[in-house]
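Colleague: What follows is protein.cif, made up of mmCIF, C-alpha atoms:
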```cif
data_final
loop_
_atom_site.label_atom_id
_atom_site.label_comp_id
_atom_site.auth_asym_id
_atom_site.auth_seq_id
_atom_site.Cartn_x
_atom_site.Cartn_y
_atom_site.Cartn_z
CA MET A 544 23.18 166.03 118.20
CA ALA A 545 24.21 168.20 115.28
CA ASP A 546 21.91 171.05 114.33
CA SER A 547 21.05 169.38 111.01
CA GLU A 548 19.84 166.28 112.87
CA PHE A 549 17.28 168.14 114.99
CA ASP A 550 13.95 168.45 113.18
CA TYR A 551 12.74 171.91 114.21
CA GLU A 552 9.89 171.90 111.73
CA GLY A 553 8.60 168.48 112.79
CA THR A 554 9.00 169.43 116.45
CA LEU A 555 6.94 172.60 115.96
CA GLU A 556 4.28 170.62 114.13
CA ALA A 557 4.19 168.16 117.05
CA CYS A 558 3.84 171.11 119.45
CA ALA A 559 0.90 172.31 117.36
CA ARG A 560 -0.74 168.93 118.02
CA GLY A 561 -0.22 169.43 121.77
CA ASP A 562 2.81 167.14 122.16
CA LYS A 563 4.36 168.33 125.42
CA GLY A 564 7.35 166.02 124.97
CA ALA A 565 8.19 167.75 121.70
CA PHE A 566 8.03 171.13 123.41
CA GLN A 567 10.27 169.85 126.19
CA ARG A 568 12.84 168.65 123.64
CA LEU A 569 12.69 172.03 121.91
CA TYR A 570 13.11 173.81 125.24
CA GLN A 571 16.11 171.68 126.19
CA ARG A 572 17.65 172.21 122.78
CA GLU A 573 17.25 176.00 122.51
CA ALA A 574 16.50 177.64 125.88
CA GLY A 575 20.14 178.39 126.72
CA GLN A 576 20.90 179.98 123.38
CA LEU A 577 17.61 181.88 123.36
CA LEU A 578 18.40 183.22 126.81
CA GLY A 579 21.84 184.31 125.60
CA LEU A 580 20.29 186.25 122.74
CA ALA A 581 17.70 187.82 125.06
CA ILE A 582 20.44 188.92 127.48
CA THR A 583 22.36 190.42 124.57
CA LEU A 584 19.32 192.31 123.33
CA LEU A 585 17.99 193.45 126.71
CA GLY A 586 21.17 193.81 128.73
CA ARG A 587 19.68 192.36 131.94
CA ARG A 588 19.27 188.71 132.85
CA ASP A 589 16.02 189.19 134.79
CA GLN A 590 14.37 190.93 131.84
CA ALA A 591 15.83 188.33 129.47
CA GLU A 592 14.36 185.49 131.52
CA ASP A 593 10.92 187.13 131.40
CA CYS A 594 11.28 187.66 127.66
CA LEU A 595 12.34 184.04 127.15
CA HIS A 596 9.36 182.80 129.14
CA ASP A 597 6.95 184.96 127.14
CA ALA A 598 8.50 183.90 123.84
CA LEU A 599 8.35 180.19 124.67
CA VAL A 600 4.72 180.49 125.79
CA LYS A 601 4.01 182.18 122.46
CA VAL A 602 5.82 179.39 120.58
CA TRP A 603 3.71 176.77 122.38
CA HIS A 604 0.41 178.59 121.85
CA ASN A 605 1.12 179.57 118.24
CA ALA A 606 2.95 176.50 116.97
CA ASP A 607 -0.04 175.81 114.72
CA ARG A 608 0.77 179.05 112.88
CA PHE A 609 4.22 177.84 111.86
CA ASP A 610 4.34 177.06 108.14
CA ARG A 611 7.41 175.18 106.97
CA SER A 612 6.88 176.44 103.42
CA LEU A 613 7.59 179.98 104.67
CA GLY A 614 10.90 179.28 106.38
CA GLN A 615 12.89 177.28 108.87
CA GLY A 616 11.48 176.37 112.28
CA ARG A 617 14.51 177.55 114.20
CA ALA A 618 14.39 180.96 112.53
CA TRP A 619 10.67 181.23 113.39
CA ILE A 620 11.41 180.57 117.08
CA TYR A 621 14.24 183.10 117.21
CA SER A 622 12.14 185.73 115.45
CA ILE A 623 9.48 185.39 118.15
CA LEU A 624 12.09 185.97 120.86
CA ARG A 625 13.63 188.90 118.99
CA TYR A 626 10.28 190.65 118.48
CA ARG A 627 9.42 190.12 122.15
CA ALA A 628 12.74 191.65 123.22
CA LEU A 629 12.40 194.60 120.86
CA ASN A 630 8.85 195.25 122.07
CA GLN A 631 10.12 195.19 125.64
CA LEU A 632 12.83 197.72 124.75
CA ARG A 633 10.36 199.96 122.94
CA SER A 634 7.93 199.94 125.86
CA ARG A 635 10.72 201.07 128.16
CA GLY A 636 11.97 203.72 125.76
CA ARG A 637 15.39 202.04 125.66
CA LEU A 638 15.58 201.30 122.00
CA VAL A 639 18.22 203.86 121.10
CA ASP A 640 21.13 203.06 123.38
CA THR A 641 24.37 204.91 122.74
CA ASP A 642 26.78 201.99 123.21
CA ASP A 643 27.06 199.94 120.04
CA GLY A 644 30.33 198.27 120.98
CA PHE A 645 28.67 194.92 121.55
CA ILE A 646 27.17 195.02 118.06
CA GLU A 647 30.54 194.90 116.40
CA GLN A 648 31.62 192.21 118.84
CA MET A 649 28.70 190.05 117.70
CA ALA A 650 30.26 189.94 114.24
CA ASP A 651 33.79 189.50 115.57
CA ASP A 652 33.47 186.20 117.46
CA SER A 653 32.93 187.65 120.92
CA ALA A 654 32.36 185.27 123.81
CA GLN A 655 28.69 186.23 123.83
CA ALA A 656 28.32 185.42 120.15
CA GLU A 657 29.93 182.04 120.80
CA ASP A 658 27.44 181.38 123.58
CA ILE A 659 24.50 182.30 121.36
CA ALA A 660 25.54 180.08 118.51
CA SER A 661 27.84 177.58 120.19
CA ASP A 662 28.36 174.55 118.00
CA GLN A 663 25.83 175.86 115.51
CA SER A 664 27.34 175.81 112.04
CA GLU A 665 24.78 178.34 110.79
CA GLY A 666 25.84 180.82 113.48
CA ARG A 667 29.51 180.39 112.68
CA GLU A 668 28.84 180.78 108.97
CA LEU A 669 26.79 183.94 109.50
CA ARG A 670 29.52 185.48 111.70
CA ARG A 671 32.12 184.60 109.07
CA CYS A 672 30.07 186.34 106.40
CA LEU A 673 29.42 189.35 108.65
CA ARG A 674 33.17 189.72 109.26
CA GLN A 675 33.70 189.86 105.50
CA LEU A 676 31.37 192.86 105.16
CA GLU A 677 33.01 196.24 105.48
CA ARG A 678 31.89 198.17 108.58
CA PRO A 679 29.75 200.75 106.71
CA ARG A 680 27.51 197.90 105.47
CA ARG A 681 27.74 195.63 108.51
CA HIS A 682 27.02 198.21 111.23
CA PRO A 683 23.60 199.38 109.93
CA ILE A 684 22.47 195.75 109.50
CA LEU A 685 23.47 194.94 113.07
CA LEU A 686 21.80 198.10 114.40
CA ALA A 687 18.59 197.07 112.69
CA PHE A 688 18.74 193.51 114.00
CA TYR A 689 20.07 193.96 117.54
CA ARG A 690 18.62 197.38 118.31
CA GLY A 691 15.48 197.20 116.18
CA LEU A 692 16.20 200.59 114.69
CA THR A 693 14.43 201.83 111.57
CA HIS A 694 16.37 203.08 108.56
CA GLU A 695 15.62 206.64 109.65
CA GLN A 696 16.91 206.03 113.18
CA ILE A 697 20.06 204.41 111.83
CA ALA A 698 20.68 207.33 109.46
CA SER A 699 20.23 209.80 112.30
CA ARG A 700 22.42 207.82 114.66
CA LEU A 701 25.23 207.42 112.14
CA THR A 702 24.77 210.95 110.75
CA THR A 703 24.53 209.50 107.26
CA PRO A 704 21.93 210.30 104.59
CA LEU A 705 18.90 208.00 104.64
CA GLY A 706 19.37 206.92 101.02
CA THR A 707 22.96 205.93 101.77
CA ILE A 708 21.87 203.83 104.76
CA LYS A 709 19.17 202.09 102.72
CA GLY A 710 21.68 201.37 99.96
CA ARG A 711 24.28 200.03 102.40
CA ILE A 712 21.75 197.76 104.08
CA ARG A 713 20.44 196.48 100.74
CA ALA A 714 23.97 195.85 99.42
CA GLY A 715 25.07 194.31 102.72
CA LEU A 716 22.12 191.91 102.85
CA ARG A 717 22.74 190.93 99.23
CA ALA A 718 26.42 190.25 100.04
CA LEU A 719 25.44 188.22 103.10
CA GLN A 720 23.01 186.16 101.06
CA GLU A 721 25.66 185.47 98.40
CA CYS A 722 28.23 184.55 101.05
CA LEU A 723 25.84 182.19 102.83
CA GLN A 724 24.91 180.47 99.57
CA ALA A 725 28.53 180.01 98.50
#
```
Turn this file's structure into structure tokens for me.

Modeller:
Amino acid sequence: MADSEFDYEGTLEACARGDKGAFQRLYQREAGQLLGLAITLLGRRDQAEDCLHDALVKVWHNADRFDRSLGQGRAWIYSILRYRALNQLRSRGRLVDTDDGFIEQMADDSAQAEDIASDQSEGRELRRCLRQLERPRRHPILLAFYRGLTHEQIASRLTTPLGTIKGRIRAGLRALQECLQA
């Protein structure tokens, strides 16, 4: 089933009504890719599995809070997982890791990136647009997303003035938006 054929919004609304079958379909559709993202963010499968479990429980219990007028259902699900993973990293004091090699690989079609967004046209399109960004704009965006770093932490880490980092992120996000809309 192509991504455009799966009704994430309707499935979340069904979950909000207590439809366990809808939740099972959602789980079967996304669990593997969510786990891949959690492993990427946390670096350990056991922690990623715990994070995935917590995120899916939160999706089930909070499906009634999803509002399709505010965004796409799939993005809502992934944001829950991402916030859970970042909170886990923060609680362990692991947020500022020194190895950012995987971050650049995420934009450069690494095997892990393929696993996360396999056969998902949106994922391929985003990676294509990320590759088009020059590294000084791409890297801070990826640090913010995958490491959960603040602008100040990114500036410190990259030994670049805070205003420059904010400008690069703003310009990079604008370029990504334009690329994705083209």

Colleague: Show which residues sit within 8 Å of A:Leu723, as a list of chain:residue names. Count all atoms listed in the file, and ignore same-chain residues fewer than 5 positions away.

Modeller: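 Residues meeting the cut-off are A:Glu668, A:Leu669, A:Cys672.
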
Colleague: Given the PyMOL selection byres ((chain A and resi 580) around 12) and the file above, list the residues it selects as a tab-separated table (two decimals) with C-alpha atoms, in the frame of the given file.

Modeller:
```
chain	number	residue	atom	x	y	z
A	573	GLU	CA	17.25	176.00	122.51
A	574	ALA	CA	16.50	177.64	125.88
A	575	GLY	CA	20.14	178.39	126.72
A	576	GLN	CA	20.90	179.98	123.38
A	577	LEU	CA	17.61	181.88	123.36
A	578	LEU	CA	18.40	183.22	126.81
A	579	GLY	CA	21.84	184.31	125.60
A	581	ALA	CA	17.70	187.82	125.06
A	582	ILE	CA	20.44	188.92	127.48
A	583	THR	CA	22.36	190.42	124.57
A	584	LEU	CA	19.32	192.31	123.33
A	585	LEU	CA	17.99	193.45	126.71
A	586	GLY	CA	21.17	193.81	128.73
A	587	ARG	CA	19.68	192.36	131.94
A	588	ARG	CA	19.27	188.71	132.85
A	590	GLN	CA	14.37	190.93	131.84
A	591	ALA	CA	15.83	188.33	129.47
A	592	GLU	CA	14.36	185.49	131.52
A	594	CYS	CA	11.28	187.66	127.66
A	595	LEU	CA	12.34	184.04	127.15
A	620	ILE	CA	11.41	180.57	117.08
A	621	TYR	CA	14.24	183.10	117.21
A	622	SER	CA	12.14	185.73	115.45
A	623	ILE	CA	9.48	185.39	118.15
A	624	LEU	CA	12.09	185.97	120.86
A	625	ARG	CA	13.63	188.90	118.99
A	626	TYR	CA	10.28	190.65	118.48
A	627	ARG	CA	9.42	190.12	122.15
A	628	ALA	CA	12.74	191.65	123.22
A	629	LEU	CA	12.40	194.60	120.86
A	649	MET	CA	28.70	190.05	117.70
A	655	GLN	CA	28.69	186.23	123.83
A	656	ALA	CA	28.32	185.42	120.15
A	657	GLU	CA	29.93	182.04	120.80
A	658	ASP	CA	27.44	181.38	123.58
A	659	ILE	CA	24.50	182.30	121.36
A	660	ALA	CA	25.54	180.08	118.51
A	661	SER	CA	27.84	177.58	120.19
A	688	PHE	CA	18.74	193.51	114.00
A	689	TYR	CA	20.07	193.96	117.54
```

Colleague: Take atom CA of A:Ile684 and atom CA of A:Gly614 and report the distance between them in Å, one decimal.

Modeller: 20.4 Å

Colleague: Just say which residues the PyMOL selection byres ((chain A and resi 604) around 12) picks in this file, as a list in words.

Modeller: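 So the PyMOL selection byres ((chain A and resi 604) around 12), applied here, picks out Leu555, Glu556, Cys558, Ala559, Arg560, Gly561, Asp562, Lys563, Phe566, Asp597, Ala598, Leu599, Val600, Lys601, Val602, Trp603, Asn605, Ala606, Asp607, Arg608, Phe609 and Ile623 of chain A.
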
Colleague: Filtering to C-alpha atoms, could you give me those residues as a CSV table (one decimal), keeping the file's coordinate frame?

Modeller:
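part_39.csv was written with the following content:
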```
chain,number,residue,atom,x,y,z
A,555,LEU,CA,6.9,172.6,116.0
A,556,GLU,CA,4.3,170.6,114.1
A,558,CYS,CA,3.8,171.1,119.4
A,559,ALA,CA,0.9,172.3,117.4
A,560,ARG,CA,-0.7,168.9,118.0
A,561,GLY,CA,-0.2,169.4,121.8
A,562,ASP,CA,2.8,167.1,122.2
A,563,LYS,CA,4.4,168.3,125.4
A,566,PHE,CA,8.0,171.1,123.4
A,597,ASP,CA,7.0,185.0,127.1
A,598,ALA,CA,8.5,183.9,123.8
A,599,LEU,CA,8.4,180.2,124.7
A,600,VAL,CA,4.7,180.5,125.8
A,601,LYS,CA,4.0,182.2,122.5
A,602,VAL,CA,5.8,179.4,120.6
A,603,TRP,CA,3.7,176.8,122.4
A,605,ASN,CA,1.1,179.6,118.2
A,606,ALA,CA,3.0,176.5,117.0
A,607,ASP,CA,0.0,175.8,114.7
A,608,ARG,CA,0.8,179.0,112.9
A,609,PHE,CA,4.2,177.8,111.9
A,623,ILE,CA,9.5,185.4,118.2
```

Colleague: Could you please determine the separation between atom CA of A:Asn630 and atom CA of A:Pro683 in Å, to one decimal place?

Modeller: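 Pair atom CA of A:Asn630 / atom CA of A:Pro683 returns 19.5 Å.
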
Colleague: Could you work out an axis-aligned box for stretch 578-588 of chain A, taking every atom the file lists and adding 4 Å on each side, and report centre and edge lengths in Å to one decimal, as JSON?

Modeller:
```
{"center_x": 20.0, "center_y": 188.5, "center_z": 127.8, "size_x": 12.7, "size_y": 18.6, "size_z": 18.1}
```

Colleague: Supply stretch 691-702 of chain A as an mmCIF file, keeping the file's coordinate frame, with all heavy atoms built in where the input has gaps.

Modeller:
```cif
data_model
loop_
_atom_site.group_PDB
_atom_site.id
_atom_site.type_symbol
_atom_site.label_atom_id
_atom_site.label_comp_id
_atom_site.auth_asym_id
_atom_site.auth_seq_id
_atom_site.Cartn_x
_atom_site.Cartn_y
_atom_site.Cartn_z
ATOM 1 N N GLY A 691 16.821 197.009 116.711
ATOM 2 C CA GLY A 691 15.480 197.200 116.180
ATOM 3 C C GLY A 691 15.251 198.576 115.608
ATOM 4 O O GLY A 691 14.122 199.043 115.538
ATOM 5 N N LEU A 692 16.323 199.236 115.196
ATOM 6 C CA LEU A 692 16.200 200.590 114.690
ATOM 7 C C LEU A 692 15.664 200.599 113.255
ATOM 8 O O LEU A 692 15.940 199.701 112.471
ATOM 9 C CB LEU A 692 17.554 201.302 114.714
ATOM 10 C CG LEU A 692 18.226 201.459 116.075
ATOM 11 C CD1 LEU A 692 19.558 202.176 115.939
ATOM 12 C CD2 LEU A 692 17.333 202.193 117.044
ATOM 13 N N THR A 693 14.918 201.631 112.928
ATOM 14 C CA THR A 693 14.430 201.830 111.570
ATOM 15 C C THR A 693 15.563 202.420 110.735
ATOM 16 O O THR A 693 16.574 202.895 111.280
ATOM 17 C CB THR A 693 13.238 202.793 111.546
ATOM 18 O OG1 THR A 693 13.692 204.088 111.974
ATOM 19 C CG2 THR A 693 12.104 202.302 112.439
ATOM 20 N N HIS A 694 15.369 202.454 109.435
ATOM 21 C CA HIS A 694 16.370 203.080 108.560
ATOM 22 C C HIS A 694 16.593 204.536 108.958
ATOM 23 O O HIS A 694 17.735 205.011 108.987
ATOM 24 C CB HIS A 694 15.930 203.003 107.093
ATOM 25 C CG HIS A 694 15.948 201.630 106.531
ATOM 26 N ND1 HIS A 694 14.994 201.175 105.668
ATOM 27 C CD2 HIS A 694 16.809 200.599 106.700
ATOM 28 C CE1 HIS A 694 15.265 199.928 105.312
ATOM 29 N NE2 HIS A 694 16.356 199.554 105.937
ATOM 30 N N GLU A 695 15.511 205.223 109.270
ATOM 31 C CA GLU A 695 15.620 206.640 109.650
ATOM 32 C C GLU A 695 16.421 206.807 110.936
ATOM 33 O O GLU A 695 17.261 207.711 111.048
ATOM 34 C CB GLU A 695 14.221 207.253 109.825
ATOM 35 C CG GLU A 695 13.430 207.388 108.540
ATOM 36 C CD GLU A 695 12.750 206.084 108.086
ATOM 37 O OE1 GLU A 695 12.753 205.079 108.841
ATOM 38 O OE2 GLU A 695 12.238 206.068 106.960
ATOM 39 N N GLN A 696 16.178 205.950 111.917
ATOM 40 C CA GLN A 696 16.910 206.030 113.180
ATOM 41 C C GLN A 696 18.391 205.714 112.974
ATOM 42 O O GLN A 696 19.251 206.345 113.585
ATOM 43 C CB GLN A 696 16.297 205.073 114.210
ATOM 44 C CG GLN A 696 14.937 205.504 114.702
ATOM 45 C CD GLN A 696 14.247 204.416 115.513
ATOM 46 O OE1 GLN A 696 14.340 203.228 115.209
ATOM 47 N NE2 GLN A 696 13.529 204.831 116.551
ATOM 48 N N ILE A 697 18.668 204.755 112.117
ATOM 49 C CA ILE A 697 20.060 204.410 111.830
ATOM 50 C C ILE A 697 20.766 205.583 111.150
ATOM 51 O O ILE A 697 21.880 205.947 111.514
ATOM 52 C CB ILE A 697 20.151 203.131 110.975
ATOM 53 C CG1 ILE A 697 19.630 201.926 111.768
ATOM 54 C CG2 ILE A 697 21.584 202.887 110.505
ATOM 55 C CD1 ILE A 697 19.398 200.683 110.932
ATOM 56 N N ALA A 698 20.091 206.188 110.169
ATOM 57 C CA ALA A 698 20.680 207.330 109.460
ATOM 58 C C ALA A 698 20.978 208.469 110.430
ATOM 59 O O ALA A 698 22.056 209.065 110.386
ATOM 60 C CB ALA A 698 19.728 207.803 108.357
ATOM 61 N N SER A 699 20.037 208.734 111.320
ATOM 62 C CA SER A 699 20.230 209.800 112.300
ATOM 63 C C SER A 699 21.386 209.456 113.242
ATOM 64 O O SER A 699 22.246 210.292 113.522
ATOM 65 C CB SER A 699 18.942 210.008 113.091
ATOM 66 O OG SER A 699 19.150 210.905 114.141
ATOM 67 N N ARG A 700 21.405 208.258 113.718
ATOM 68 C CA ARG A 700 22.420 207.820 114.660
ATOM 69 C C ARG A 700 23.818 207.851 114.062
ATOM 70 O O ARG A 700 24.792 208.195 114.728
ATOM 71 C CB ARG A 700 22.080 206.421 115.144
ATOM 72 C CG ARG A 700 22.985 205.921 116.219
ATOM 73 C CD ARG A 700 22.498 204.563 116.635
ATOM 74 N NE ARG A 700 23.042 204.251 117.915
ATOM 75 C CZ ARG A 700 22.408 203.599 118.852
ATOM 76 N NH1 ARG A 700 21.188 203.224 118.663
ATOM 77 N NH2 ARG A 700 22.989 203.326 119.974
ATOM 78 N N LEU A 701 23.926 207.482 112.793
ATOM 79 C CA LEU A 701 25.230 207.420 112.140
ATOM 80 C C LEU A 701 25.542 208.703 111.358
ATOM 81 O O LEU A 701 26.568 208.765 110.686
ATOM 82 C CB LEU A 701 25.297 206.209 111.201
ATOM 83 C CG LEU A 701 25.141 204.835 111.865
ATOM 84 C CD1 LEU A 701 25.193 203.725 110.828
ATOM 85 C CD2 LEU A 701 26.184 204.616 112.951
ATOM 86 N N THR A 702 24.651 209.674 111.475
ATOM 87 C CA THR A 702 24.770 210.950 110.750
ATOM 88 C C THR A 702 25.152 210.710 109.286
ATOM 89 O O THR A 702 26.149 211.231 108.781
ATOM 90 C CB THR A 702 25.752 211.919 111.431
ATOM 91 O OG1 THR A 702 27.047 211.331 111.477
ATOM 92 C CG2 THR A 702 25.288 212.301 112.824
#
```
